[in-house]
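Chemist: Okay, handing you the structure first.
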Amino acid sequence: MKTVKDNIYLIIAGVFAFITINTALFYAYPGKFTAIAYVTILIIPLFVALVLVFTRFSFLFTSRISEQEDEKKLLRERQKEIVENMVEGLVVHNKSGKILSVNSIAEKFLGIPASEILYKTNLELSKKSLLLDALFKKFESGSEKEYSYKDKYGRDYVFKIISVELSKKRGEILKIIRDISREKHLNKMKSEYLTVMSHKFLTPLNGIKWTAPSILDKDVDSADKERFVKNIIESTDELIELTSLLLRVTEMEEGNFGYKLGPVDIRVIIENSIKDRKEDIDERKILMVFNKSDIPIPSVTADKDRVKVVVDNFIDNAIKYSSEEGGVEISLEDDGKNIRFSIKDDGIGISKKAQPDIFSKFIRDDRAIAMHTEGSGLGLFIAKNIIEELGGKIGFVSTEGEGSTFFFTLPKENKKHNIK
Ligand code: ADP
């Protein structure tokens with residue numbers, strides 16, 4: 001880039017040339033100097049002025065060009081960064097199937113480093129992958145196809161490949177690869193869940209429908225009538241519980257799940273929850289232990305009813321999914337800033353496949369479904385929402401067939417006063 005310094009040198013050079021020429025003319029033509037001097041006085045400054053004007057403009061011109069070049073370079077770098085950071089895989093190949101460009105997410109999806117596939121055709125590749133093969137199947141420009149396969153751990157993957165003609169002249173085609181595995185999985189879960197939910201509603205409704213007329217039957221004795229009424233009450237309770245669960249999820253998703261903050265003694269919530277479930281605990285012969293810390297656990301600022309929902313869900317799950325005569329251990333600790341609740345069971349555990357999505361709506365592990373056909377798959381979703389809304393953390397560790405430990409933390413001082 002030209003600098004102002006370069007122009008100053010030119011000015012000095014011009015002035016120096018002017019003085020030199022005039023001095024030379026003075027000695028060469030002593031008599032005629034005046035006439036020639038006039039000419040040189042007019043011509044040379046004109047020449048210098050022209051040089052200056054030219055260099056000045058060229059300075060602006062060259063600086064503008066280099067600015068444009070810098071901008072172009074920046075734009076190219078930015079475009080490269082966008083391509084590299086996209087959540088979609090991008091692969092460019094030509095008509096003969098030679099791979100010309102691969103971004104890092106495409107490398108990840110294909111499971112092959114770019115260096116091994118760049119500038120090679122599909123036929124020349126030593127490593128093969130189902131997805132790579134799928135890239136070279138016949139595609140109409142602008143069309144899309146879905147490919148699904150299982151990896152070596154049995155996990156299902158679904159990819160959508162979209163084909164776009166990048167350049168007709170160069171015969172280059174762009175393949176956009178989108179991982180839609182999670183979307184597909186959740187959709188499948190949702191439709192399965194709707195089927196399960198419909199059955200859940202139908203069972204108590206059918207119970208009520210068939211039991212109610214018997215109450216009106218004159219031949220039925222009063223002891224049976226009392227039993228029928230009890231059945232109807234149980235069925236309606238089940239329906240109310242289900243409906244309120246669904247309502248809770250809807251309220252959460254719409255952001256209308258109200259919270260009332262106040263001091264909450266988690267220890268009392270745990271003790272009451274265990275007391276309420278005594279029948280189930282005894283029925284499954286579970287040894288339930290609550291390790292209370294020696295130091296008194298302070299209250300947290302939270303919503304008592306919402307924290308109870310989470311504690312109840314964790315305890316219910318530990319009872320449901322632990323082994324018969326198994327052990328469940330609850331701990332409550334104070335780590336300074338937070339109160340940490342954890343519950344450990346030695347039950348069925350959670351498979352590796354189900355673990356990443358276990359806090360999502362409607363997700364239930366296959367073994368849990370086999371053990372308890374009923375179950376909403378909503379409890380953990382609701383629990384996560386509540387704990388995070390109250391400024392805490394929720395999580396678990398689990399080994400299939402060995403058991404699980406679920407935990408949550410809540411800050412002693414809740415700074416999220418703005419929660420609704
Ligand atoms: P539900 O228990 O009604 O199915 P949740 O949302 O409470 O719904 O739990 C979702 C899934 O998480 C369960 O179906 C089960 O697969 C798994 N799960 C939760 N807690 C446990 C546990 N303690 N042991 C094993 N699996 C569990």
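Order determines the names: the first chain of the structure tokens is A, the second B, and so forth; residues in each chain are numbered 1 upward, and ligands are numbered 1 upward as they are shown.
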Produce as a PyMOL selection string the set of residues near ligand 1, where near means within 9 Å with only C-alpha atoms and all ligand atoms considered.
Modeler: chain A and resi 313-322+343-351+354-355+358-369+372-383+396+398+400-401+403-406
Chemist: Would you mind listing what lies within 8 Å of Asn103 in chain A as an MDAnalysis selection string, with only C-alpha atoms counted and same-chain residues fewer than 6 positions away left out?
Modeler: chainID A and resid 83:84 89:91 114
Chemist: Could you save the residues just selected, with N, CA, C and O atoms, as a PDB file, in the first residue's frame?
Modeler:
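That gives us result.pdb:
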ATOM      1  N   VAL A  83     -18.948 -22.400   6.564  1.00  0.00           N
ATOM      2  CA  VAL A  83     -19.063 -23.766   6.031  1.00  0.00           C
ATOM      3  C   VAL A  83     -18.563 -24.780   7.057  1.00  0.00           C
ATOM      4  O   VAL A  83     -19.182 -25.804   7.314  1.00  0.00           O
ATOM      5  N   GLU A  84     -17.418 -24.438   7.703  1.00  0.00           N
ATOM      6  CA  GLU A  84     -16.834 -25.372   8.673  1.00  0.00           C
ATOM      7  C   GLU A  84     -17.692 -25.514   9.929  1.00  0.00           C
ATOM      8  O   GLU A  84     -17.702 -26.546  10.558  1.00  0.00           O
ATOM      9  N   GLY A  89     -23.570 -31.393   7.045  1.00  0.00           N
ATOM     10  CA  GLY A  89     -22.399 -31.829   6.317  1.00  0.00           C
ATOM     11  C   GLY A  89     -22.490 -31.350   4.873  1.00  0.00           C
ATOM     12  O   GLY A  89     -23.570 -31.392   4.286  1.00  0.00           O
ATOM     13  N   LEU A  90     -21.373 -30.874   4.318  1.00  0.00           N
ATOM     14  CA  LEU A  90     -21.371 -30.401   2.931  1.00  0.00           C
ATOM     15  C   LEU A  90     -20.292 -31.138   2.143  1.00  0.00           C
ATOM     16  O   LEU A  90     -19.133 -31.180   2.565  1.00  0.00           O
ATOM     17  N   VAL A  91     -20.679 -31.729   1.022  1.00  0.00           N
ATOM     18  CA  VAL A  91     -19.719 -32.434   0.167  1.00  0.00           C
ATOM     19  C   VAL A  91     -19.941 -31.947  -1.266  1.00  0.00           C
ATOM     20  O   VAL A  91     -21.078 -31.932  -1.741  1.00  0.00           O
ATOM     21  N   ALA A 114     -11.170 -36.283   5.734  1.00  0.00           N
ATOM     22  CA  ALA A 114     -11.261 -35.657   4.406  1.00  0.00           C
ATOM     23  C   ALA A 114     -10.054 -36.018   3.547  1.00  0.00           C
ATOM     24  O   ALA A 114     -10.179 -36.244   2.340  1.00  0.00           O
TER      25      ALA A 114
END
Chemist: Give me the range 228-299 of chain A side of the contact with range 215-219 of chain A, cut-off 12 Å, one line per residue showing its nearest atom pair and distance in Å at one decimal, counting only C-alpha atoms, sorted by chain and residue number, as a Markdown table.
Modeler:
| residue | atom | partner | partner_atom | distance |
| --- | --- | --- | --- | --- |
| A:Phe228 | CA | A:Ile215 | CA | 7.0 |
| A:Val229 | CA | A:Ile215 | CA | 7.7 |
| A:Lys230 | CA | A:Ile215 | CA | 11.3 |
| A:Asn231 | CA | A:Ile215 | CA | 11.4 |
| A:Ile232 | CA | A:Ile215 | CA | 10.5 |
Chemist: Find the residues around Ile208 in chain A up to 9 Å (only C-alpha atoms counted), leave out those fewer than 4 positions away in its own chain, and share them as a ChimeraX atom specification.
Modeler: /A:203-204,212-213,228,231-233,235-236
Chemist: I'd like the neighbourhood of Asp133 in chain A as JSON, numbers by chain, where a residue qualifies if any of its atoms comes within 12 Å (using only C-alpha atoms), though same-chain residues fewer than 2 positions away should be ignored.
Modeler: {"A": [97, 110, 121, 122, 123, 125, 127, 128, 129, 130, 131, 135, 136, 137, 138, 147, 161]}
Chemist: Could you save the residues just selected, with N, CA, C and O atoms, as a PDB file, in the first residue's frame?
Modeler:
ATOM      1  N   GLY A  97     -17.922 -38.021 -10.129  1.00  0.00           N
ATOM      2  CA  GLY A  97     -17.945 -38.537  -8.760  1.00  0.00           C
ATOM      3  C   GLY A  97     -16.689 -38.238  -7.969  1.00  0.00           C
ATOM      4  O   GLY A  97     -16.479 -38.794  -6.895  1.00  0.00           O
ATOM      5  N   LEU A 110     -19.471 -39.036   7.861  1.00  0.00           N
ATOM      6  CA  LEU A 110     -19.001 -40.128   7.008  1.00  0.00           C
ATOM      7  C   LEU A 110     -18.071 -41.072   7.761  1.00  0.00           C
ATOM      8  O   LEU A 110     -17.889 -42.222   7.374  1.00  0.00           O
ATOM      9  N   THR A 121     -12.564 -40.604  -6.579  1.00  0.00           N
ATOM     10  CA  THR A 121     -13.952 -40.954  -6.901  1.00  0.00           C
ATOM     11  C   THR A 121     -14.382 -42.054  -5.952  1.00  0.00           C
ATOM     12  O   THR A 121     -13.543 -42.702  -5.313  1.00  0.00           O
ATOM     13  N   ASN A 122     -15.671 -42.282  -5.892  1.00  0.00           N
ATOM     14  CA  ASN A 122     -16.212 -43.302  -4.993  1.00  0.00           C
ATOM     15  C   ASN A 122     -15.541 -44.651  -5.242  1.00  0.00           C
ATOM     16  O   ASN A 122     -15.266 -45.400  -4.312  1.00  0.00           O
ATOM     17  N   LEU A 123     -15.246 -44.931  -6.524  1.00  0.00           N
ATOM     18  CA  LEU A 123     -14.666 -46.236  -6.878  1.00  0.00           C
ATOM     19  C   LEU A 123     -13.231 -46.378  -6.368  1.00  0.00           C
ATOM     20  O   LEU A 123     -12.753 -47.460  -6.091  1.00  0.00           O
ATOM     21  N   LEU A 125     -12.063 -45.199  -3.595  1.00  0.00           N
ATOM     22  CA  LEU A 125     -11.935 -45.134  -2.139  1.00  0.00           C
ATOM     23  C   LEU A 125     -11.691 -46.503  -1.540  1.00  0.00           C
ATOM     24  O   LEU A 125     -12.368 -47.473  -1.888  1.00  0.00           O
ATOM     25  N   LYS A 127     -11.748 -46.987   1.919  1.00  0.00           N
ATOM     26  CA  LYS A 127     -12.732 -47.133   2.999  1.00  0.00           C
ATOM     27  C   LYS A 127     -14.112 -46.850   2.444  1.00  0.00           C
ATOM     28  O   LYS A 127     -14.301 -45.902   1.683  1.00  0.00           O
ATOM     29  N   LYS A 128     -15.068 -47.677   2.825  1.00  0.00           N
ATOM     30  CA  LYS A 128     -16.438 -47.459   2.334  1.00  0.00           C
ATOM     31  C   LYS A 128     -17.321 -47.128   3.525  1.00  0.00           C
ATOM     32  O   LYS A 128     -17.052 -47.519   4.647  1.00  0.00           O
ATOM     33  N   SER A 129     -18.362 -46.388   3.270  1.00  0.00           N
ATOM     34  CA  SER A 129     -19.377 -46.209   4.309  1.00  0.00           C
ATOM     35  C   SER A 129     -20.721 -46.106   3.601  1.00  0.00           C
ATOM     36  O   SER A 129     -20.800 -45.663   2.454  1.00  0.00           O
ATOM     37  N   LEU A 130     -21.747 -46.538   4.325  1.00  0.00           N
ATOM     38  CA  LEU A 130     -23.097 -46.552   3.739  1.00  0.00           C
ATOM     39  C   LEU A 130     -23.511 -45.155   3.278  1.00  0.00           C
ATOM     40  O   LEU A 130     -24.079 -44.973   2.208  1.00  0.00           O
ATOM     41  N   LEU A 131     -23.142 -44.182   4.131  1.00  0.00           N
ATOM     42  CA  LEU A 131     -23.532 -42.811   3.833  1.00  0.00           C
ATOM     43  C   LEU A 131     -22.786 -42.288   2.601  1.00  0.00           C
ATOM     44  O   LEU A 131     -23.362 -41.589   1.769  1.00  0.00           O
ATOM     45  N   LEU A 135     -24.317 -40.979  -1.051  1.00  0.00           N
ATOM     46  CA  LEU A 135     -24.064 -39.667  -1.663  1.00  0.00           C
ATOM     47  C   LEU A 135     -24.033 -39.738  -3.185  1.00  0.00           C
ATOM     48  O   LEU A 135     -24.346 -38.776  -3.873  1.00  0.00           O
ATOM     49  N   PHE A 136     -23.619 -40.914  -3.696  1.00  0.00           N
ATOM     50  CA  PHE A 136     -23.439 -41.028  -5.146  1.00  0.00           C
ATOM     51  C   PHE A 136     -24.590 -41.735  -5.850  1.00  0.00           C
ATOM     52  O   PHE A 136     -24.503 -42.029  -7.026  1.00  0.00           O
ATOM     53  N   LYS A 137     -25.675 -41.999  -5.098  1.00  0.00           N
ATOM     54  CA  LYS A 137     -26.862 -42.579  -5.742  1.00  0.00           C
ATOM     55  C   LYS A 137     -27.468 -41.519  -6.645  1.00  0.00           C
ATOM     56  O   LYS A 137     -27.210 -40.336  -6.497  1.00  0.00           O
ATOM     57  N   LYS A 138     -28.333 -41.942  -7.572  1.00  0.00           N
ATOM     58  CA  LYS A 138     -28.899 -40.986  -8.519  1.00  0.00           C
ATOM     59  C   LYS A 138     -29.836 -39.991  -7.815  1.00  0.00           C
ATOM     60  O   LYS A 138     -30.710 -40.391  -7.067  1.00  0.00           O
ATOM     61  N   TYR A 147     -31.643 -41.786   4.446  1.00  0.00           N
ATOM     62  CA  TYR A 147     -30.927 -43.063   4.598  1.00  0.00           C
ATOM     63  C   TYR A 147     -30.825 -43.386   6.072  1.00  0.00           C
ATOM     64  O   TYR A 147     -30.471 -42.522   6.867  1.00  0.00           O
ATOM     65  N   ILE A 161     -30.217 -36.478   2.752  1.00  0.00           N
ATOM     66  CA  ILE A 161     -29.238 -35.919   1.813  1.00  0.00           C
ATOM     67  C   ILE A 161     -29.989 -35.087   0.782  1.00  0.00           C
ATOM     68  O   ILE A 161     -30.941 -35.563   0.166  1.00  0.00           O
TER      69      ILE A 161
END
Chemist: Assign secondary structure with DSSP using the backbone only, and return the residues of range 211-280 of chain A in helix (DSSP H, G or I) as a PyMOL selection string.
Modeler: chain A and resi 211-216+222-254+266-276+278-280
Chemist: For the residues in the current selection, export N, CA and C atoms as a compact mmCIF listing (two decimals), in the first residue's frame.
Modeler:
# COMPACT_ATOMS: atom_id res chain seq x y z
N THR A 211 -68.52 -50.85 35.32
CA THR A 211 -68.84 -50.99 36.75
C THR A 211 -70.08 -50.18 37.13
N ALA A 212 -70.20 -48.96 36.57
CA ALA A 212 -71.28 -48.06 36.98
C ALA A 212 -72.68 -48.70 36.90
N PRO A 213 -73.04 -49.37 35.79
CA PRO A 213 -74.42 -49.91 35.75
C PRO A 213 -74.70 -50.92 36.86
N SER A 214 -73.66 -51.64 37.32
CA SER A 214 -73.88 -52.65 38.37
C SER A 214 -74.37 -52.02 39.67
N ILE A 215 -74.01 -50.76 39.90
CA ILE A 215 -74.44 -50.09 41.14
C ILE A 215 -75.97 -49.94 41.14
N LEU A 216 -76.51 -49.75 39.92
CA LEU A 216 -77.96 -49.57 39.82
C LEU A 216 -78.72 -50.91 39.88
N SER A 222 -74.94 -54.78 48.98
CA SER A 222 -74.30 -53.49 49.30
C SER A 222 -72.77 -53.60 49.40
N ALA A 223 -72.25 -54.76 49.83
CA ALA A 223 -70.77 -54.92 49.92
C ALA A 223 -70.15 -54.81 48.53
N ASP A 224 -70.80 -55.47 47.53
CA ASP A 224 -70.28 -55.39 46.15
C ASP A 224 -70.40 -53.98 45.62
N LYS A 225 -71.56 -53.36 45.96
CA LYS A 225 -71.77 -51.97 45.48
C LYS A 225 -70.65 -51.07 45.99
N GLU A 226 -70.26 -51.28 47.27
CA GLU A 226 -69.20 -50.46 47.87
C GLU A 226 -67.87 -50.67 47.11
N ARG A 227 -67.63 -51.95 46.77
CA ARG A 227 -66.40 -52.29 46.01
C ARG A 227 -66.40 -51.59 44.64
N PHE A 228 -67.60 -51.59 43.99
CA PHE A 228 -67.70 -50.95 42.65
C PHE A 228 -67.42 -49.45 42.74
N VAL A 229 -68.02 -48.85 43.79
CA VAL A 229 -67.82 -47.39 43.94
C VAL A 229 -66.32 -47.09 44.15
N LYS A 230 -65.66 -47.94 44.96
CA LYS A 230 -64.22 -47.75 45.21
C LYS A 230 -63.44 -47.85 43.90
N ASN A 231 -63.83 -48.85 43.07
CA ASN A 231 -63.15 -49.02 41.77
C ASN A 231 -63.31 -47.77 40.90
N ILE A 232 -64.55 -47.26 40.92
CA ILE A 232 -64.81 -46.06 40.09
C ILE A 232 -63.96 -44.89 40.59
N ILE A 233 -63.88 -44.74 41.92
CA ILE A 233 -63.08 -43.63 42.47
C ILE A 233 -61.61 -43.79 42.06
N GLU A 234 -61.10 -45.03 42.14
CA GLU A 234 -59.69 -45.29 41.76
C GLU A 234 -59.45 -44.95 40.29
N SER A 235 -60.42 -45.37 39.46
CA SER A 235 -60.27 -45.09 38.02
C SER A 235 -60.29 -43.59 37.73
N THR A 236 -61.18 -42.87 38.41
CA THR A 236 -61.22 -41.41 38.16
C THR A 236 -59.95 -40.74 38.67
N ASP A 237 -59.41 -41.25 39.80
CA ASP A 237 -58.15 -40.69 40.33
C ASP A 237 -57.04 -40.86 39.29
N GLU A 238 -57.01 -42.05 38.68
CA GLU A 238 -56.01 -42.35 37.66
C GLU A 238 -56.13 -41.36 36.49
N LEU A 239 -57.39 -41.12 36.10
CA LEU A 239 -57.63 -40.19 34.98
C LEU A 239 -57.21 -38.77 35.34
N ILE A 240 -57.52 -38.38 36.58
CA ILE A 240 -57.15 -37.03 37.02
C ILE A 240 -55.62 -36.88 37.01
N GLU A 241 -54.94 -37.91 37.54
CA GLU A 241 -53.46 -37.89 37.61
C GLU A 241 -52.86 -37.75 36.20
N LEU A 242 -53.40 -38.54 35.29
CA LEU A 242 -52.90 -38.50 33.90
C LEU A 242 -53.14 -37.14 33.27
N THR A 243 -54.36 -36.64 33.45
CA THR A 243 -54.71 -35.36 32.83
C THR A 243 -53.85 -34.24 33.42
N SER A 244 -53.63 -34.28 34.75
CA SER A 244 -52.85 -33.18 35.34
C SER A 244 -51.39 -33.25 34.89
N LEU A 245 -50.89 -34.47 34.65
CA LEU A 245 -49.53 -34.64 34.14
C LEU A 245 -49.40 -33.99 32.76
N LEU A 246 -50.37 -34.26 31.92
CA LEU A 246 -50.35 -33.70 30.56
C LEU A 246 -50.48 -32.18 30.60
N LEU A 247 -51.32 -31.72 31.52
CA LEU A 247 -51.54 -30.28 31.66
C LEU A 247 -50.25 -29.59 32.12
N ARG A 248 -49.55 -30.27 33.05
CA ARG A 248 -48.30 -29.74 33.57
C ARG A 248 -47.28 -29.55 32.44
N VAL A 249 -47.20 -30.55 31.56
CA VAL A 249 -46.26 -30.49 30.44
C VAL A 249 -46.63 -29.32 29.52
N THR A 250 -47.93 -29.21 29.21
CA THR A 250 -48.37 -28.12 28.32
C THR A 250 -48.05 -26.76 28.95
N GLU A 251 -48.34 -26.63 30.25
CA GLU A 251 -48.06 -25.35 30.93
C GLU A 251 -46.57 -25.01 30.87
N MET A 252 -45.75 -26.06 31.05
CA MET A 252 -44.30 -25.85 31.02
C MET A 252 -43.86 -25.36 29.65
N GLU A 253 -44.37 -26.03 28.64
CA GLU A 253 -43.95 -25.68 27.28
C GLU A 253 -44.43 -24.29 26.87
N GLU A 254 -45.56 -23.89 27.44
CA GLU A 254 -46.06 -22.55 27.10
C GLU A 254 -45.49 -21.48 28.03
N ILE A 266 -36.07 -29.72 52.22
CA ILE A 266 -36.14 -30.93 51.36
C ILE A 266 -36.23 -32.21 52.21
N ARG A 267 -35.60 -32.17 53.39
CA ARG A 267 -35.61 -33.35 54.26
C ARG A 267 -37.06 -33.76 54.59
N VAL A 268 -37.89 -32.79 54.90
CA VAL A 268 -39.29 -33.08 55.24
C VAL A 268 -40.02 -33.66 54.03
N ILE A 269 -39.73 -33.09 52.84
CA ILE A 269 -40.38 -33.59 51.61
C ILE A 269 -40.01 -35.06 51.41
N ILE A 270 -38.73 -35.39 51.61
CA ILE A 270 -38.27 -36.78 51.41
C ILE A 270 -38.98 -37.70 52.41
N GLU A 271 -38.98 -37.30 53.67
CA GLU A 271 -39.60 -38.16 54.72
C GLU A 271 -41.08 -38.41 54.41
N ASN A 272 -41.78 -37.36 54.02
CA ASN A 272 -43.21 -37.53 53.71
C ASN A 272 -43.41 -38.41 52.49
N SER A 273 -42.55 -38.23 51.48
CA SER A 273 -42.66 -39.01 50.25
C SER A 273 -42.47 -40.51 50.56
N ILE A 274 -41.47 -40.81 51.40
CA ILE A 274 -41.22 -42.22 51.76
C ILE A 274 -42.44 -42.77 52.52
N LYS A 275 -42.96 -41.96 53.45
CA LYS A 275 -44.13 -42.38 54.25
C LYS A 275 -45.31 -42.71 53.34
N ASP A 276 -45.55 -41.82 52.35
CA ASP A 276 -46.70 -42.02 51.43
C ASP A 276 -46.56 -43.29 50.59
N LYS A 278 -45.12 -46.16 51.59
CA LYS A 278 -44.76 -47.30 52.46
C LYS A 278 -45.32 -48.62 51.93
N GLU A 279 -46.58 -48.55 51.44
CA GLU A 279 -47.23 -49.76 50.93
C GLU A 279 -46.45 -50.38 49.77
N ASP A 280 -46.07 -49.52 48.80
CA ASP A 280 -45.32 -49.99 47.62
C ASP A 280 -43.94 -50.52 48.03
Chemist: List as a ChimeraX atom specification the protein and nucleic acid residues near Gly336 in chain A, meaning an atom at most 12 Å away when only C-alpha atoms are counted, but skip any in the same chain fewer than 3 places from it.
Modeler: /A:297-298,300,333,339-340,409-413
Chemist: Those residues with N, CA, C and O atoms, as a JSON list (two decimals), in the first residue's frame please?
Modeler:
[["chain", "number", "residue", "atom", "x", "y", "z"],
["A", 297, "ILE", "N", -29.35, -29.79, 57.59],
["A", 297, "ILE", "CA", -29.36, -29.28, 56.21],
["A", 297, "ILE", "C", -30.26, -28.04, 56.17],
["A", 297, "ILE", "O", -31.43, -28.11, 56.53],
["A", 298, "PRO", "N", -29.71, -26.91, 55.73],
["A", 298, "PRO", "CA", -30.54, -25.70, 55.70],
["A", 298, "PRO", "C", -31.62, -25.77, 54.62],
["A", 298, "PRO", "O", -31.53, -26.58, 53.69],
["A", 300, "VAL", "N", -33.82, -24.42, 51.38],
["A", 300, "VAL", "CA", -33.47, -23.70, 50.15],
["A", 300, "VAL", "C", -34.63, -22.78, 49.80],
["A", 300, "VAL", "O", -35.75, -23.00, 50.26],
["A", 333, "GLU", "N", -27.14, -33.69, 50.96],
["A", 333, "GLU", "CA", -25.89, -33.07, 51.42],
["A", 333, "GLU", "C", -25.88, -31.56, 51.15],
["A", 333, "GLU", "O", -26.60, -31.09, 50.27],
["A", 339, "ILE", "N", -27.73, -27.50, 47.88],
["A", 339, "ILE", "CA", -28.16, -28.72, 48.57],
["A", 339, "ILE", "C", -28.26, -29.78, 47.47],
["A", 339, "ILE", "O", -28.84, -29.53, 46.40],
["A", 340, "ARG", "N", -27.67, -30.95, 47.75],
["A", 340, "ARG", "CA", -27.64, -32.00, 46.73],
["A", 340, "ARG", "C", -28.43, -33.20, 47.21],
["A", 340, "ARG", "O", -28.15, -33.77, 48.26],
["A", 409, "THR", "N", -29.44, -30.73, 42.27],
["A", 409, "THR", "CA", -28.95, -29.75, 43.25],
["A", 409, "THR", "C", -29.86, -28.54, 43.19],
["A", 409, "THR", "O", -30.47, -28.26, 42.15],
["A", 410, "LEU", "N", -29.96, -27.85, 44.32],
["A", 410, "LEU", "CA", -30.71, -26.59, 44.33],
["A", 410, "LEU", "C", -29.89, -25.55, 45.09],
["A", 410, "LEU", "O", -29.32, -25.88, 46.14],
["A", 411, "PRO", "N", -29.78, -24.33, 44.54],
["A", 411, "PRO", "CA", -28.99, -23.32, 45.25],
["A", 411, "PRO", "C", -29.69, -22.93, 46.56],
["A", 411, "PRO", "O", -30.93, -22.83, 46.59],
["A", 412, "LYS", "N", -28.88, -22.69, 47.59],
["A", 412, "LYS", "CA", -29.50, -22.33, 48.88],
["A", 412, "LYS", "C", -30.19, -20.97, 48.75],
["A", 412, "LYS", "O", -31.27, -20.76, 49.25],
["A", 413, "GLU", "N", -29.52, -20.08, 48.03],
["A", 413, "GLU", "CA", -30.12, -18.76, 47.78],
["A", 413, "GLU", "C", -30.58, -18.74, 46.34],
["A", 413, "GLU", "O", -29.75, -18.89, 45.45]]
Chemist: Range 285-295 of chain A: which residues within 6 Å, counting only C-alpha atoms, same-chain residues fewer than 4 positions away excluded, as an MDAnalysis selection string?
Modeler: chainID A and resid 281 325:331
Chemist: Take CA of Asp156 in chain A and CA of His199 in chain A and report the distance between them in Å, one decimal.
Modeler: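 Computing it gives 27.1 Å between the two atoms.
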Chemist: Which is closer to Lys108 in chain A than all the others in A:Val87, A:Val397, A:Val15, A:Ala302, using only C-alpha atoms?
Modeler: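 Nearest to Lys108 in chain A: A:Val87.
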Chemist: Could you write out, as a list in words, all the residues of range 326-355 of chain A that DSSP marks as strand (DSSP E)?
Modeler: Gly327, Val328, Glu329, Ile330, Ser331, Leu332, Glu333, Asp334, Asn338, Ile339, Arg340, Phe341, Ser342, Ile343, Lys344 and Asp345 of chain A
Chemist: Would you save the residues of that selection, restricted to C-alpha atoms, as a compact mmCIF listing (two decimals), in the first residue's frame?
Modeler:
# COMPACT_ATOMS: atom_id res chain seq x y z
CA GLY A 327 -31.86 -51.48 48.19
CA VAL A 328 -32.57 -47.77 47.65
CA GLU A 329 -30.36 -45.19 49.30
CA ILE A 330 -31.27 -41.52 49.52
CA SER A 331 -28.72 -38.86 50.51
CA LEU A 332 -29.03 -35.18 51.19
CA GLU A 333 -25.89 -33.07 51.42
CA ASP A 334 -24.85 -29.46 51.73
CA ASN A 338 -26.12 -25.96 47.00
CA ILE A 339 -28.16 -28.72 48.57
CA ARG A 340 -27.64 -32.00 46.73
CA PHE A 341 -30.25 -34.76 46.70
CA SER A 342 -29.32 -38.17 45.31
CA ILE A 343 -31.06 -41.53 45.12
CA LYS A 344 -29.27 -44.76 44.30
CA ASP A 345 -30.94 -48.02 43.37
